[in-house]
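Heads up, run_7.pdb below (PDB, C-alpha atoms):
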```pdb
ATOM      1  CA  MET A   1     128.330 103.155  91.510
ATOM      2  CA  THR A   2     131.346 101.090  90.597
ATOM      3  CA  ASP A   3     131.557  99.005  93.762
ATOM      4  CA  THR A   4     128.431  96.845  93.660
ATOM      5  CA  GLY A   5     129.318  94.787  96.735
ATOM      6  CA  ASN A   6     126.832  96.417  99.126
ATOM      7  CA  VAL A   7     124.405  97.932  96.621
ATOM      8  CA  ARG A   8     120.735  97.418  97.460
ATOM      9  CA  ALA A   9     117.691  97.642  95.190
ATOM     10  CA  VAL A  10     115.568 100.095  97.181
ATOM     11  CA  VAL A  11     111.891 100.869  96.567
ATOM     12  CA  ARG A  12     111.735 104.461  95.302
ATOM     13  CA  GLY A  13     108.070 104.535  94.264
ATOM     14  CA  VAL A  14     104.930 102.389  94.008
ATOM     15  CA  GLY A  15     101.628 102.654  92.159
ATOM     16  CA  HIS A  16      98.705 100.678  90.794
ATOM     17  CA  TYR A  17      95.759 100.799  88.434
ATOM     18  CA  LEU A  18      92.412  98.989  88.421
ATOM     19  CA  PRO A  19      89.981  99.003  85.482
ATOM     20  CA  GLU A  20      86.813 101.027  85.972
ATOM     21  CA  ARG A  21      84.374  98.134  85.744
ATOM     22  CA  VAL A  22      83.700  96.591  89.170
ATOM     23  CA  VAL A  23      82.056  93.154  89.143
ATOM     24  CA  GLU A  24      80.284  92.187  92.357
ATOM     25  CA  ASN A  25      79.741  88.511  93.185
ATOM     26  CA  ALA A  26      76.006  88.897  92.607
ATOM     27  CA  GLU A  27      76.623  89.401  88.866
ATOM     28  CA  PHE A  28      77.538  85.726  88.520
ATOM     29  CA  GLU A  29      74.224  84.530  89.989
ATOM     30  CA  ALA A  30      72.434  85.141  86.674
ATOM     31  CA  THR A  31      74.615  82.727  84.685
ATOM     32  CA  LEU A  32      76.082  80.277  87.215
ATOM     33  CA  ASP A  33      74.887  78.027  90.030
ATOM     34  CA  THR A  34      76.583  80.213  92.629
ATOM     35  CA  SER A  35      75.917  82.997  95.100
ATOM     36  CA  ASP A  36      77.640  85.850  96.867
ATOM     37  CA  ASP A  37      77.726  83.763 100.071
ATOM     38  CA  TRP A  38      79.198  80.740  98.262
ATOM     39  CA  ILE A  39      81.993  82.794  96.665
ATOM     40  CA  ARG A  40      82.809  84.712  99.860
ATOM     41  CA  SER A  41      82.885  81.598 102.041
ATOM     42  CA  ARG A  42      85.274  79.727  99.740
ATOM     43  CA  SER A  43      87.558  82.530  98.619
ATOM     44  CA  GLY A  44      86.967  85.717 100.626
ATOM     45  CA  ILE A  45      86.364  87.547  97.337
ATOM     46  CA  GLU A  46      83.559  90.112  97.225
ATOM     47  CA  ARG A  47      84.289  91.888  93.951
ATOM     48  CA  ARG A  48      86.883  92.231  91.220
ATOM     49  CA  HIS A  49      87.685  94.564  88.304
ATOM     50  CA  PHE A  50      87.419  93.628  84.621
ATOM     51  CA  ALA A  51      89.181  95.418  81.782
ATOM     52  CA  ALA A  52      87.007  97.219  79.255
ATOM     53  CA  GLU A  53      86.622  95.945  75.709
ATOM     54  CA  GLY A  54      89.817  96.807  73.861
ATOM     55  CA  GLN A  55      91.725  97.563  77.081
ATOM     56  CA  THR A  56      94.898  95.449  77.091
ATOM     57  CA  THR A  57      97.360  94.249  79.700
ATOM     58  CA  SER A  58      99.925  96.793  78.522
ATOM     59  CA  ASP A  59      97.302  99.555  78.892
ATOM     60  CA  LEU A  60      96.833  98.632  82.561
ATOM     61  CA  ALA A  61     100.604  98.336  83.030
ATOM     62  CA  VAL A  62     101.192 101.836  81.619
ATOM     63  CA  ARG A  63      98.700 103.368  84.077
ATOM     64  CA  ALA A  64     100.355 101.607  87.052
ATOM     65  CA  ALA A  65     103.825 102.543  85.755
ATOM     66  CA  ARG A  66     102.921 106.222  85.537
ATOM     67  CA  ALA A  67     101.564 106.145  89.089
ATOM     68  CA  ALA A  68     104.784 104.534  90.375
ATOM     69  CA  LEU A  69     106.984 107.022  88.513
ATOM     70  CA  GLU A  70     104.965 109.920  89.910
ATOM     71  CA  ASP A  71     105.321 108.498  93.411
ATOM     72  CA  ALA A  72     109.085 108.195  92.831
ATOM     73  CA  GLY A  73     109.374 111.723  91.407
ATOM     74  CA  LEU A  74     110.997 110.325  88.269
ATOM     75  CA  GLY A  75     110.452 110.369  84.518
ATOM     76  CA  PRO A  76     110.629 107.479  82.031
ATOM     77  CA  ASP A  77     114.150 108.343  80.855
ATOM     78  CA  ASP A  78     115.388 108.084  84.448
ATOM     79  CA  LEU A  79     114.858 104.338  84.045
ATOM     80  CA  ASP A  80     117.374 101.829  82.760
ATOM     81  CA  ALA A  81     115.015  98.876  82.422
ATOM     82  CA  ILE A  82     111.443  97.621  82.638
ATOM     83  CA  VAL A  83     110.668  94.092  83.847
ATOM     84  CA  LEU A  84     107.004  93.194  83.364
ATOM     85  CA  ALA A  85     105.479  90.064  84.900
ATOM     86  CA  THR A  86     102.420  88.787  83.033
ATOM     87  CA  SER A  87     100.805  85.645  81.640
ATOM     88  CA  THR A  88      98.331  87.633  79.545
ATOM     89  CA  ALA A  89     100.531  89.768  77.291
ATOM     90  CA  ASP A  90      98.741  91.602  74.464
ATOM     91  CA  LEU A  91     100.435  89.533  71.741
ATOM     92  CA  THR A  92     102.634  86.454  71.428
ATOM     93  CA  PHE A  93     105.393  88.974  70.700
ATOM     94  CA  PRO A  94     106.722  91.597  71.077
ATOM     95  CA  SER A  95     106.758  91.757  74.852
ATOM     96  CA  ALA A  96     104.203  93.828  76.715
ATOM     97  CA  ALA A  97     107.188  95.496  78.416
ATOM     98  CA  THR A  98     108.352  97.048  75.151
ATOM     99  CA  MET A  99     104.808  98.335  74.571
ATOM    100  CA  VAL A 100     104.941  99.993  77.984
ATOM    101  CA  GLN A 101     108.386 101.398  77.158
ATOM    102  CA  GLU A 102     107.001 103.026  74.002
ATOM    103  CA  ALA A 103     103.832 104.324  75.679
ATOM    104  CA  LEU A 104     105.832 105.927  78.502
ATOM    105  CA  GLY A 105     108.143 107.624  75.998
ATOM    106  CA  MET A 106     111.209 105.824  77.386
ATOM    107  CA  THR A 107     113.851 106.112  74.669
ATOM    108  CA  ARG A 108     116.766 104.331  76.343
ATOM    109  CA  GLY A 109     117.481 101.138  78.268
ATOM    110  CA  PHE A 110     115.743  97.805  77.758
ATOM    111  CA  ALA A 111     112.475  96.044  78.565
ATOM    112  CA  PHE A 112     111.345  92.420  78.795
ATOM    113  CA  ASP A 113     108.551  90.206  80.138
ATOM    114  CA  VAL A 114     108.748  87.517  82.817
ATOM    115  CA  GLN A 115     106.221  84.672  82.794
ATOM    116  CA  ALA A 116     105.768  82.687  86.004
ATOM    117  CA  VAL A 117     101.971  83.086  86.304
ATOM    118  CA  CYS A 118     100.930  84.117  89.837
ATOM    119  CA  ALA A 119     104.552  83.959  91.027
ATOM    120  CA  GLY A 120     105.567  86.288  88.204
ATOM    121  CA  PHE A 121     106.063  89.427  90.272
ATOM    122  CA  VAL A 122     108.327  87.645  92.760
ATOM    123  CA  TYR A 123     110.379  86.355  89.819
ATOM    124  CA  ALA A 124     110.450  89.841  88.268
ATOM    125  CA  LEU A 125     111.600  91.430  91.543
ATOM    126  CA  SER A 126     114.382  88.884  91.867
ATOM    127  CA  ASN A 127     115.527  89.542  88.289
ATOM    128  CA  ALA A 128     115.416  93.314  88.779
ATOM    129  CA  ASN A 129     117.403  92.960  91.991
ATOM    130  CA  ALA A 130     120.057  90.952  90.144
ATOM    131  CA  LEU A 131     120.283  93.634  87.422
ATOM    132  CA  ILE A 132     120.846  96.312  90.047
ATOM    133  CA  ARG A 133     123.226  94.322  92.234
ATOM    134  CA  SER A 134     125.359  93.413  89.192
ATOM    135  CA  GLY A 135     125.568  97.013  88.015
ATOM    136  CA  GLN A 136     123.590  96.377  84.800
ATOM    137  CA  ALA A 137     120.968  98.939  85.835
ATOM    138  CA  GLN A 138     120.569 101.754  88.343
ATOM    139  CA  ARG A 139     116.792 102.090  88.201
ATOM    140  CA  VAL A 140     114.320  99.374  87.187
ATOM    141  CA  LEU A 141     110.558  99.650  86.820
ATOM    142  CA  VAL A 142     109.017  96.329  87.915
ATOM    143  CA  ILE A 143     105.408  95.762  86.872
ATOM    144  CA  GLY A 144     102.824  93.031  87.399
ATOM    145  CA  ALA A 145      99.831  93.310  85.047
ATOM    146  CA  GLU A 146      97.100  90.902  83.973
ATOM    147  CA  THR A 147      93.798  90.634  82.103
ATOM    148  CA  PHE A 148      92.765  87.184  83.308
ATOM    149  CA  SER A 149      89.141  87.937  82.398
ATOM    150  CA  ARG A 150      90.217  87.116  78.808
ATOM    151  CA  ILE A 151      91.154  83.502  79.637
ATOM    152  CA  MET A 152      88.180  82.441  81.779
ATOM    153  CA  ASP A 153      85.756  79.577  81.156
ATOM    154  CA  TRP A 154      82.547  81.411  82.103
ATOM    155  CA  THR A 155      80.734  78.096  82.660
ATOM    156  CA  ASP A 156      83.200  76.912  85.350
ATOM    157  CA  ARG A 157      82.059  78.353  88.683
ATOM    158  CA  GLY A 158      85.156  76.967  90.397
ATOM    159  CA  THR A 159      87.501  79.286  88.498
ATOM    160  CA  CYS A 160      85.776  82.187  86.728
ATOM    161  CA  VAL A 161      84.584  83.826  89.965
ATOM    162  CA  LEU A 162      88.107  83.936  91.411
ATOM    163  CA  PHE A 163      90.055  86.133  89.005
ATOM    164  CA  GLY A 164      90.258  89.826  88.176
ATOM    165  CA  ASP A 165      92.281  92.316  86.153
ATOM    166  CA  GLY A 166      94.702  94.992  87.322
ATOM    167  CA  ALA A 167      98.279  96.201  87.494
ATOM    168  CA  GLY A 168     100.815  97.317  90.072
ATOM    169  CA  ALA A 169     104.352  98.668  89.778
ATOM    170  CA  LEU A 170     107.467  99.463  91.806
ATOM    171  CA  VAL A 171     110.459 101.605  90.941
ATOM    172  CA  LEU A 172     113.663 100.072  92.305
ATOM    173  CA  GLU A 173     116.800 102.196  92.623
ATOM    174  CA  ALA A 174     120.410 101.294  93.386
ATOM    175  CA  GLN A 175     121.472 102.727  96.734
ATOM    176  CA  ALA A 176     124.540 102.064  98.856
ATOM    177  CA  GLY A 177     123.988  99.725 101.779
ATOM    178  CA  THR A 178     126.090  98.211 104.528
ATOM    179  CA  GLY A 179     125.463  94.581 103.622
ATOM    180  CA  GLU A 180     123.540  94.146 106.878
ATOM    181  CA  SER A 181     119.887  93.156 107.308
ATOM    182  CA  THR A 182     119.140  96.679 108.545
ATOM    183  CA  ASP A 183     119.628  98.025 104.993
ATOM    184  CA  ARG A 184     116.658  99.289 103.035
ATOM    185  CA  GLY A 185     115.853  97.437  99.821
ATOM    186  CA  ILE A 186     115.643  93.819  98.706
ATOM    187  CA  LEU A 187     117.506  91.719 101.253
ATOM    188  CA  SER A 188     116.948  88.234  99.848
ATOM    189  CA  SER A 189     114.874  86.102  97.506
ATOM    190  CA  ASP A 190     114.014  82.448  96.998
ATOM    191  CA  LEU A 191     112.694  81.051  93.705
ATOM    192  CA  ASN A 192     111.415  77.547  92.949
ATOM    193  CA  SER A 193     109.532  75.584  90.315
ATOM    194  CA  ASP A 194     108.481  71.976  89.715
ATOM    195  CA  GLY A 195     107.108  71.095  86.287
ATOM    196  CA  ARG A 196     105.749  67.756  87.529
ATOM    197  CA  TYR A 197     102.739  69.693  88.820
ATOM    198  CA  ARG A 198     101.957  71.599  85.629
ATOM    199  CA  ASP A 199      98.550  69.922  85.205
ATOM    200  CA  LEU A 200      97.266  71.402  88.476
ATOM    201  CA  LEU A 201      96.953  74.908  87.024
ATOM    202  CA  TYR A 202      97.300  75.720  83.339
ATOM    203  CA  VAL A 203      95.676  77.280  80.266
ATOM    204  CA  ASP A 204      94.595  74.767  77.630
ATOM    205  CA  GLY A 205      95.686  76.906  74.685
ATOM    206  CA  GLY A 206      98.726  78.465  73.047
ATOM    207  CA  ILE A 207     100.828  78.294  69.900
ATOM    208  CA  SER A 208     100.534  74.487  69.665
ATOM    209  CA  THR A 209      96.719  74.587  69.774
ATOM    210  CA  GLY A 210      95.978  77.633  67.632
ATOM    211  CA  SER A 211      93.776  79.216  70.297
ATOM    212  CA  SER A 212      94.355  81.277  73.432
ATOM    213  CA  GLY A 213      92.550  78.703  75.583
ATOM    214  CA  VAL A 214      91.022  79.013  79.050
ATOM    215  CA  LEU A 215      92.256  78.472  82.578
ATOM    216  CA  ARG A 216      91.975  75.009  84.154
ATOM    217  CA  MET A 217      92.663  74.351  87.824
ATOM    218  CA  GLN A 218      92.535  71.503  90.337
ATOM    219  CA  GLY A 219      91.648  73.745  93.253
ATOM    220  CA  LYS A 220      92.053  71.321  96.175
ATOM    221  CA  GLU A 221      95.496  70.199  95.026
ATOM    222  CA  VAL A 222      96.651  73.758  94.392
ATOM    223  CA  PHE A 223      95.494  74.721  97.900
ATOM    224  CA  ARG A 224      97.455  71.848  99.465
ATOM    225  CA  HIS A 225     100.674  72.742  97.657
ATOM    226  CA  ALA A 226     100.211  76.480  98.224
ATOM    227  CA  VAL A 227     100.168  76.476 102.025
ATOM    228  CA  GLU A 228     103.157  74.153 102.338
ATOM    229  CA  LYS A 229     105.287  75.795  99.655
ATOM    230  CA  LEU A 230     104.477  79.438 100.516
ATOM    231  CA  SER A 231     105.421  79.055 104.168
ATOM    232  CA  ALA A 232     108.605  77.151 103.250
ATOM    233  CA  THR A 233     109.790  79.729 100.705
ATOM    234  CA  ALA A 234     109.110  82.599 103.126
ATOM    235  CA  ASP A 235     111.158  80.819 105.794
ATOM    236  CA  THR A 236     114.023  80.238 103.347
ATOM    237  CA  ALA A 237     114.076  83.870 102.198
ATOM    238  CA  LEU A 238     114.079  85.131 105.799
ATOM    239  CA  GLU A 239     116.896  82.746 106.709
ATOM    240  CA  ARG A 240     118.950  83.982 103.738
ATOM    241  CA  ALA A 241     118.489  87.542 104.994
ATOM    242  CA  GLY A 242     119.561  86.544 108.515
ATOM    243  CA  LEU A 243     116.105  87.369 109.888
ATOM    244  CA  THR A 244     113.280  85.605 111.717
ATOM    245  CA  HIS A 245     109.474  85.812 111.905
ATOM    246  CA  ALA A 246     109.817  88.205 114.832
ATOM    247  CA  ASP A 247     111.521  90.763 112.560
ATOM    248  CA  VAL A 248     108.640  90.874 110.067
ATOM    249  CA  ASP A 249     106.324  93.883 110.034
ATOM    250  CA  TRP A 250     104.149  92.836 107.099
ATOM    251  CA  ILE A 251     103.453  89.788 104.995
ATOM    252  CA  VAL A 252     102.165  90.793 101.563
ATOM    253  CA  PRO A 253     101.079  87.509  99.989
ATOM    254  CA  HIS A 254      99.764  86.684  96.560
ATOM    255  CA  GLN A 255      96.055  87.445  96.855
ATOM    256  CA  ALA A 256      94.516  84.201  95.590
ATOM    257  CA  ASN A 257      92.204  83.022  98.328
ATOM    258  CA  ILE A 258      91.657  84.202 101.905
ATOM    259  CA  ARG A 259      91.840  80.630 103.209
ATOM    260  CA  ILE A 260      95.295  80.138 101.682
ATOM    261  CA  ILE A 261      96.401  83.502 103.092
ATOM    262  CA  GLN A 262      95.116  82.615 106.579
ATOM    263  CA  ALA A 263      96.564  79.098 106.552
ATOM    264  CA  THR A 264      99.974  80.335 105.398
ATOM    265  CA  ALA A 265     100.023  83.079 108.050
ATOM    266  CA  LYS A 266      99.185  80.485 110.710
ATOM    267  CA  LYS A 267     101.970  78.197 109.486
ATOM    268  CA  LEU A 268     104.373  81.159 109.683
ATOM    269  CA  ASP A 269     103.046  81.978 113.169
ATOM    270  CA  MET A 270     102.082  85.471 112.001
ATOM    271  CA  PRO A 271      98.862  87.186 113.156
ATOM    272  CA  MET A 272      96.467  88.324 110.430
ATOM    273  CA  ASP A 273      96.829  91.934 111.558
ATOM    274  CA  LYS A 274     100.353  91.759 110.092
ATOM    275  CA  VAL A 275      99.060  90.584 106.698
ATOM    276  CA  VAL A 276      98.064  93.008 103.950
ATOM    277  CA  VAL A 277      94.816  91.660 102.468
ATOM    278  CA  THR A 278      93.176  93.008  99.297
ATOM    279  CA  VAL A 279      91.669  89.816  97.824
ATOM    280  CA  GLN A 280      88.156  90.878  98.841
ATOM    281  CA  ASP A 281      88.248  93.860  96.469
ATOM    282  CA  HIS A 282      90.479  92.630  93.629
ATOM    283  CA  GLY A 283      90.097  88.859  93.405
ATOM    284  CA  ASN A 284      93.105  86.940  92.138
ATOM    285  CA  THR A 285      94.971  89.250  89.749
ATOM    286  CA  SER A 286      97.852  86.779  89.295
ATOM    287  CA  ALA A 287     101.190  88.580  88.781
ATOM    288  CA  ALA A 288      99.527  91.926  89.570
ATOM    289  CA  SER A 289      98.312  90.938  93.037
ATOM    290  CA  ILE A 290     101.469  91.577  95.086
ATOM    291  CA  PRO A 291     102.330  95.008  93.610
ATOM    292  CA  LEU A 292      98.650  95.969  93.876
ATOM    293  CA  ALA A 293      98.667  94.970  97.548
ATOM    294  CA  LEU A 294     101.965  96.785  98.182
ATOM    295  CA  SER A 295     100.579  99.974  96.648
ATOM    296  CA  VAL A 296      97.273  99.742  98.513
ATOM    297  CA  GLY A 297      99.101  98.852 101.741
ATOM    298  CA  LYS A 298     101.239 101.962 101.441
ATOM    299  CA  ALA A 299      98.213 104.123 100.584
ATOM    300  CA  ARG A 300      96.368 102.795 103.650
ATOM    301  CA  GLY A 301      99.289 103.789 105.849
ATOM    302  CA  GLN A 302     100.111 100.194 106.711
ATOM    303  CA  ILE A 303     103.511  99.897 105.004
ATOM    304  CA  ARG A 304     105.978 102.602 106.044
ATOM    305  CA  GLN A 305     109.637 103.303 105.380
ATOM    306  CA  GLY A 306     111.857 100.949 107.374
ATOM    307  CA  ASP A 307     109.217  98.198 107.653
ATOM    308  CA  LEU A 308     110.321  94.651 106.887
ATOM    309  CA  VAL A 309     108.020  93.158 104.241
ATOM    310  CA  VAL A 310     107.849  89.540 103.084
ATOM    311  CA  THR A 311     106.129  88.821  99.768
ATOM    312  CA  GLU A 312     105.350  85.263  98.669
ATOM    313  CA  ALA A 313     103.442  83.735  95.762
ATOM    314  CA  ILE A 314     102.695  80.472  93.967
ATOM    315  CA  GLY A 315     101.297  79.909  90.495
ATOM    316  CA  GLY A 316     101.121  77.561  87.552
ATOM    317  CA  GLY A 317     104.227  75.593  86.775
ATOM    318  CA  LEU A 318     104.143  75.071  89.644
ATOM    319  CA  ALA A 319     106.316  78.120  90.313
ATOM    320  CA  TRP A 320     106.712  79.776  93.709
ATOM    321  CA  GLY A 321     108.977  82.066  95.656
ATOM    322  CA  ALA A 322     109.440  84.851  98.185
ATOM    323  CA  VAL A 323     111.255  88.179  98.455
ATOM    324  CA  VAL A 324     112.250  89.998 101.653
ATOM    325  CA  ILE A 325     112.259  93.809 101.376
ATOM    326  CA  ARG A 326     112.985  96.532 103.868
ATOM    327  CA  TRP A 327     110.747  99.356 102.693
TER     328      TRP A 327
END
```
Could you rewrite the structure in this file as structure tokens?
Amino acid sequence: MTDTGNVRAVVRGVGHYLPERVVENAEFEATLDTSDDWIRSRSGIERRHFAAEGQTTSDLAVRAARAALEDAGLGPDDLDAIVLATSTADLTFPSAATMVQEALGMTRGFAFDVQAVCAGFVYALSNANALIRSGQAQRVLVIGAETFSRIMDWTDRGTCVLFGDGAGALVLEAQAGTGESTDRGILSSDLNSDGRYRDLLYVDGGISTGSSGVLRMQGKEVFRHAVEKLSATADTALERAGLTHADVDWIVPHQANIRIIQATAKKLDMPMDKVVVTVQDHGNTSAASIPLALSVGKARGQIRQGDLVVTEAIGGGLAWGAVVIRW
């Protein structure tokens, strides 16, 4: 396509992968002062998946990528780019995306990582959309993948019970649109960050410390910011698309905590039966949570072609944002 004026980045395929090991809440009772009831009541989480020993973030990403490509009916060399959102890449460098590129057998195009913690997939979608709208790429594989089990403090019951591992992926394809909100594809996005709040959610390790570190979080403060900022970014993205709450078929939020999901839905005046919820089975999989939920939502028969979907997420940084997609 030479005229990129009304090009849309349309979802061609979706897929996900979860590690085989399922960890029920009861497993934590042996080592922590906690219980299944305590975890469920505060987070809505019932179980999560943990990667096997030696199983890396790029391994999970490859499995999700293959599922998305199969769903799209495409091969790796049909892709122009891979954008992988993660905070738990296998190595400091090279990017996990290039590892996925090699494992898929993709011999052309380019691949890179995006790091915005739990908001990573929203950031990756927005970047992939820009690549397609500008004509830089025709097809982009967008992946969210994490192994947060590797950065947990197993003595901190306030954090280690909340997170899980997994990966989800979408294939976006350039298709001609009309420029109207009835088009399929990504209709708008809204991205934000504010480094003043970096101490609310961070990992206390990295290059400067010589260790990978573990996750630290001020849960009450994160909750307060999350509800306010998630509803605001969703409203902004809808306004940019020329749409309202009444047009929305599904909200697919970052799956961090059922109370945040419920409070945000209430603030958006959206009933919970229009919210795709997977947090009970996956826990918080950070950048993987939205593509996981999109894939599961489609598999359940919830998300169908033509549906208007709003995704929103917030993570360390703080970084937050929303993307409006017509499926």
**Message:** I'd like the neighbourhood of Ala130 in chain A as an MDAnalysis selection string, where a residue qualifies if any of its atoms comes within 10 Å (using all atoms listed in the file), though same-chain residues fewer than 6 positions away should be ignored.
**Reply:** chainID A and resid 8:9 124 136:137
Write out, as an mmCIF file, in the frame of the given file, the residues just selected, with C-alpha atoms.
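For reference, selection20.cif as written:
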```cif
data_model
loop_
_atom_site.group_PDB
_atom_site.id
_atom_site.type_symbol
_atom_site.label_atom_id
_atom_site.label_comp_id
_atom_site.auth_asym_id
_atom_site.auth_seq_id
_atom_site.Cartn_x
_atom_site.Cartn_y
_atom_site.Cartn_z
ATOM 1 C CA ARG A 8 120.735 97.418 97.460
ATOM 2 C CA ALA A 9 117.691 97.642 95.190
ATOM 3 C CA ALA A 124 110.450 89.841 88.268
ATOM 4 C CA GLN A 136 123.590 96.377 84.800
ATOM 5 C CA ALA A 137 120.968 98.939 85.835
#
```
Axis-aligned box for all listed atoms of range 41-54 of chain A, 3 Å per side, centre and edges in Å to one decimal, as JSON:
```
{"center_x": 86.4, "center_y": 88.5, "center_z": 88.0, "size_x": 12.9, "size_y": 23.5, "size_z": 34.2}
```
**Request:** Write out as a PyMOL selection string the residues lying within 12 Å of Ala26 in chain A, counting all atoms listed in the file and excluding same-chain residues fewer than 6 positions away.
**Result:** chain A and resi 32-40+45-48+161
Mind writing the picked residues with C-alpha atoms as an mmCIF file, in the frame of the given file?
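File produced: out20.cif:
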```cif
data_model
loop_
_atom_site.group_PDB
_atom_site.id
_atom_site.type_symbol
_atom_site.label_atom_id
_atom_site.label_comp_id
_atom_site.auth_asym_id
_atom_site.auth_seq_id
_atom_site.Cartn_x
_atom_site.Cartn_y
_atom_site.Cartn_z
ATOM 1 C CA LEU A 32 76.082 80.277 87.215
ATOM 2 C CA ASP A 33 74.887 78.027 90.030
ATOM 3 C CA THR A 34 76.583 80.213 92.629
ATOM 4 C CA SER A 35 75.917 82.997 95.100
ATOM 5 C CA ASP A 36 77.640 85.850 96.867
ATOM 6 C CA ASP A 37 77.726 83.763 100.071
ATOM 7 C CA TRP A 38 79.198 80.740 98.262
ATOM 8 C CA ILE A 39 81.993 82.794 96.665
ATOM 9 C CA ARG A 40 82.809 84.712 99.860
ATOM 10 C CA ILE A 45 86.364 87.547 97.337
ATOM 11 C CA GLU A 46 83.559 90.112 97.225
ATOM 12 C CA ARG A 47 84.289 91.888 93.951
ATOM 13 C CA ARG A 48 86.883 92.231 91.220
ATOM 14 C CA VAL A 161 84.584 83.826 89.965
#
```
**Asked** Hey, what comes out of the PyMOL selection byres ((chain A and resi 223-226) around 10) on this file? Could you write it as a ChimeraX atom specification?
**Response** /A:197,200,218-222,227-232,256-257,259-261,263-264,313-315,318,320
**Prompt:** So what does the PyMOL selection byres ((chain A and resi 282-296) around 7) actually pick up in this one, as number ranges by chain?
**Reply:** A: 14-16, 45, 47-49, 85-86, 117-121, 144-146, 162-169, 252-256, 276, 278-281, 297-300
Written file, previous selection with C-alpha atoms, as a PDB file, in the coordinates of the input:
```
ATOM      1  CA  VAL A  14     104.930 102.389  94.008  1.00  0.00           C
ATOM      2  CA  GLY A  15     101.628 102.654  92.159  1.00  0.00           C
ATOM      3  CA  HIS A  16      98.705 100.678  90.794  1.00  0.00           C
ATOM      4  CA  ILE A  45      86.364  87.547  97.337  1.00  0.00           C
ATOM      5  CA  ARG A  47      84.289  91.888  93.951  1.00  0.00           C
ATOM      6  CA  ARG A  48      86.883  92.231  91.220  1.00  0.00           C
ATOM      7  CA  HIS A  49      87.685  94.564  88.304  1.00  0.00           C
ATOM      8  CA  ALA A  85     105.479  90.064  84.900  1.00  0.00           C
ATOM      9  CA  THR A  86     102.420  88.787  83.033  1.00  0.00           C
ATOM     10  CA  VAL A 117     101.971  83.086  86.304  1.00  0.00           C
ATOM     11  CA  CYS A 118     100.930  84.117  89.837  1.00  0.00           C
ATOM     12  CA  ALA A 119     104.552  83.959  91.027  1.00  0.00           C
ATOM     13  CA  GLY A 120     105.567  86.288  88.204  1.00  0.00           C
ATOM     14  CA  PHE A 121     106.063  89.427  90.272  1.00  0.00           C
ATOM     15  CA  GLY A 144     102.824  93.031  87.399  1.00  0.00           C
ATOM     16  CA  ALA A 145      99.831  93.310  85.047  1.00  0.00           C
ATOM     17  CA  GLU A 146      97.100  90.902  83.973  1.00  0.00           C
ATOM     18  CA  LEU A 162      88.107  83.936  91.411  1.00  0.00           C
ATOM     19  CA  PHE A 163      90.055  86.133  89.005  1.00  0.00           C
ATOM     20  CA  GLY A 164      90.258  89.826  88.176  1.00  0.00           C
ATOM     21  CA  ASP A 165      92.281  92.316  86.153  1.00  0.00           C
ATOM     22  CA  GLY A 166      94.702  94.992  87.322  1.00  0.00           C
ATOM     23  CA  ALA A 167      98.279  96.201  87.494  1.00  0.00           C
ATOM     24  CA  GLY A 168     100.815  97.317  90.072  1.00  0.00           C
ATOM     25  CA  ALA A 169     104.352  98.668  89.778  1.00  0.00           C
ATOM     26  CA  VAL A 252     102.165  90.793 101.563  1.00  0.00           C
ATOM     27  CA  PRO A 253     101.079  87.509  99.989  1.00  0.00           C
ATOM     28  CA  HIS A 254      99.764  86.684  96.560  1.00  0.00           C
ATOM     29  CA  GLN A 255      96.055  87.445  96.855  1.00  0.00           C
ATOM     30  CA  ALA A 256      94.516  84.201  95.590  1.00  0.00           C
ATOM     31  CA  VAL A 276      98.064  93.008 103.950  1.00  0.00           C
ATOM     32  CA  THR A 278      93.176  93.008  99.297  1.00  0.00           C
ATOM     33  CA  VAL A 279      91.669  89.816  97.824  1.00  0.00           C
ATOM     34  CA  GLN A 280      88.156  90.878  98.841  1.00  0.00           C
ATOM     35  CA  ASP A 281      88.248  93.860  96.469  1.00  0.00           C
ATOM     36  CA  GLY A 297      99.101  98.852 101.741  1.00  0.00           C
ATOM     37  CA  LYS A 298     101.239 101.962 101.441  1.00  0.00           C
ATOM     38  CA  ALA A 299      98.213 104.123 100.584  1.00  0.00           C
ATOM     39  CA  ARG A 300      96.368 102.795 103.650  1.00  0.00           C
TER      40      ARG A 300
END
```
**Request:** Apply the PyMOL selection byres ((chain A and resi 19) around 7) to the structure shown and report the selected residues as a ChimeraX atom specification.
**Result:** /A:17-18,20-21,49-51,166
**Asked** Once you count all atoms listed in the file, which residues end up no further than 6 Å from (114.6, 95.5, 85.6) in the file's frame, shown as a ChimeraX atom specification?
**Response** /A:81-83,128,140-141
**Request:** Identify, on the basis of only C-alpha atoms, every residue whose closest approach to Val10 in chain A does not exceed 7 Å; exclude the query and any residue fewer than 4 positions from it along the same chain; express the result as JSON, numbers by chain.
**Result:** {"A": [172, 173, 174, 175, 184, 185, 186]}
Residue neighbourhood Gly242 in chain A, 9 Å, all atoms listed in the file, exclusion window fewer than 4 positions, as a PDB file with C-alpha atoms, keeping the file's coordinate frame:
```
ATOM      1  CA  GLU A 180     123.540  94.146 106.878  1.00  0.00           C
ATOM      2  CA  SER A 181     119.887  93.156 107.308  1.00  0.00           C
ATOM      3  CA  ALA A 237     114.076  83.870 102.198  1.00  0.00           C
ATOM      4  CA  LEU A 238     114.079  85.131 105.799  1.00  0.00           C
TER       5      LEU A 238
END
```
**Request:** For Leu187 in chain A, please output as a ChimeraX atom specification all residues within 6 Å (counting only C-alpha atoms; exclusion window: fewer than 3 positions along the same chain).
**Result:** /A:241,324-325
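Picture a line from CA of Asp307 in chain A to CA of Trp327 in chain A; it runs 5.3 Å.
CA of Val310 in chain A is positioned 9.7 Å from CA of Asp235 in chain A.
The residue that comes closest to Lys267 in chain A, out of A:Ala234, A:Ile303, A:Met106, A:Met99 and on the basis of all atoms listed in the file, is A:Ala234.
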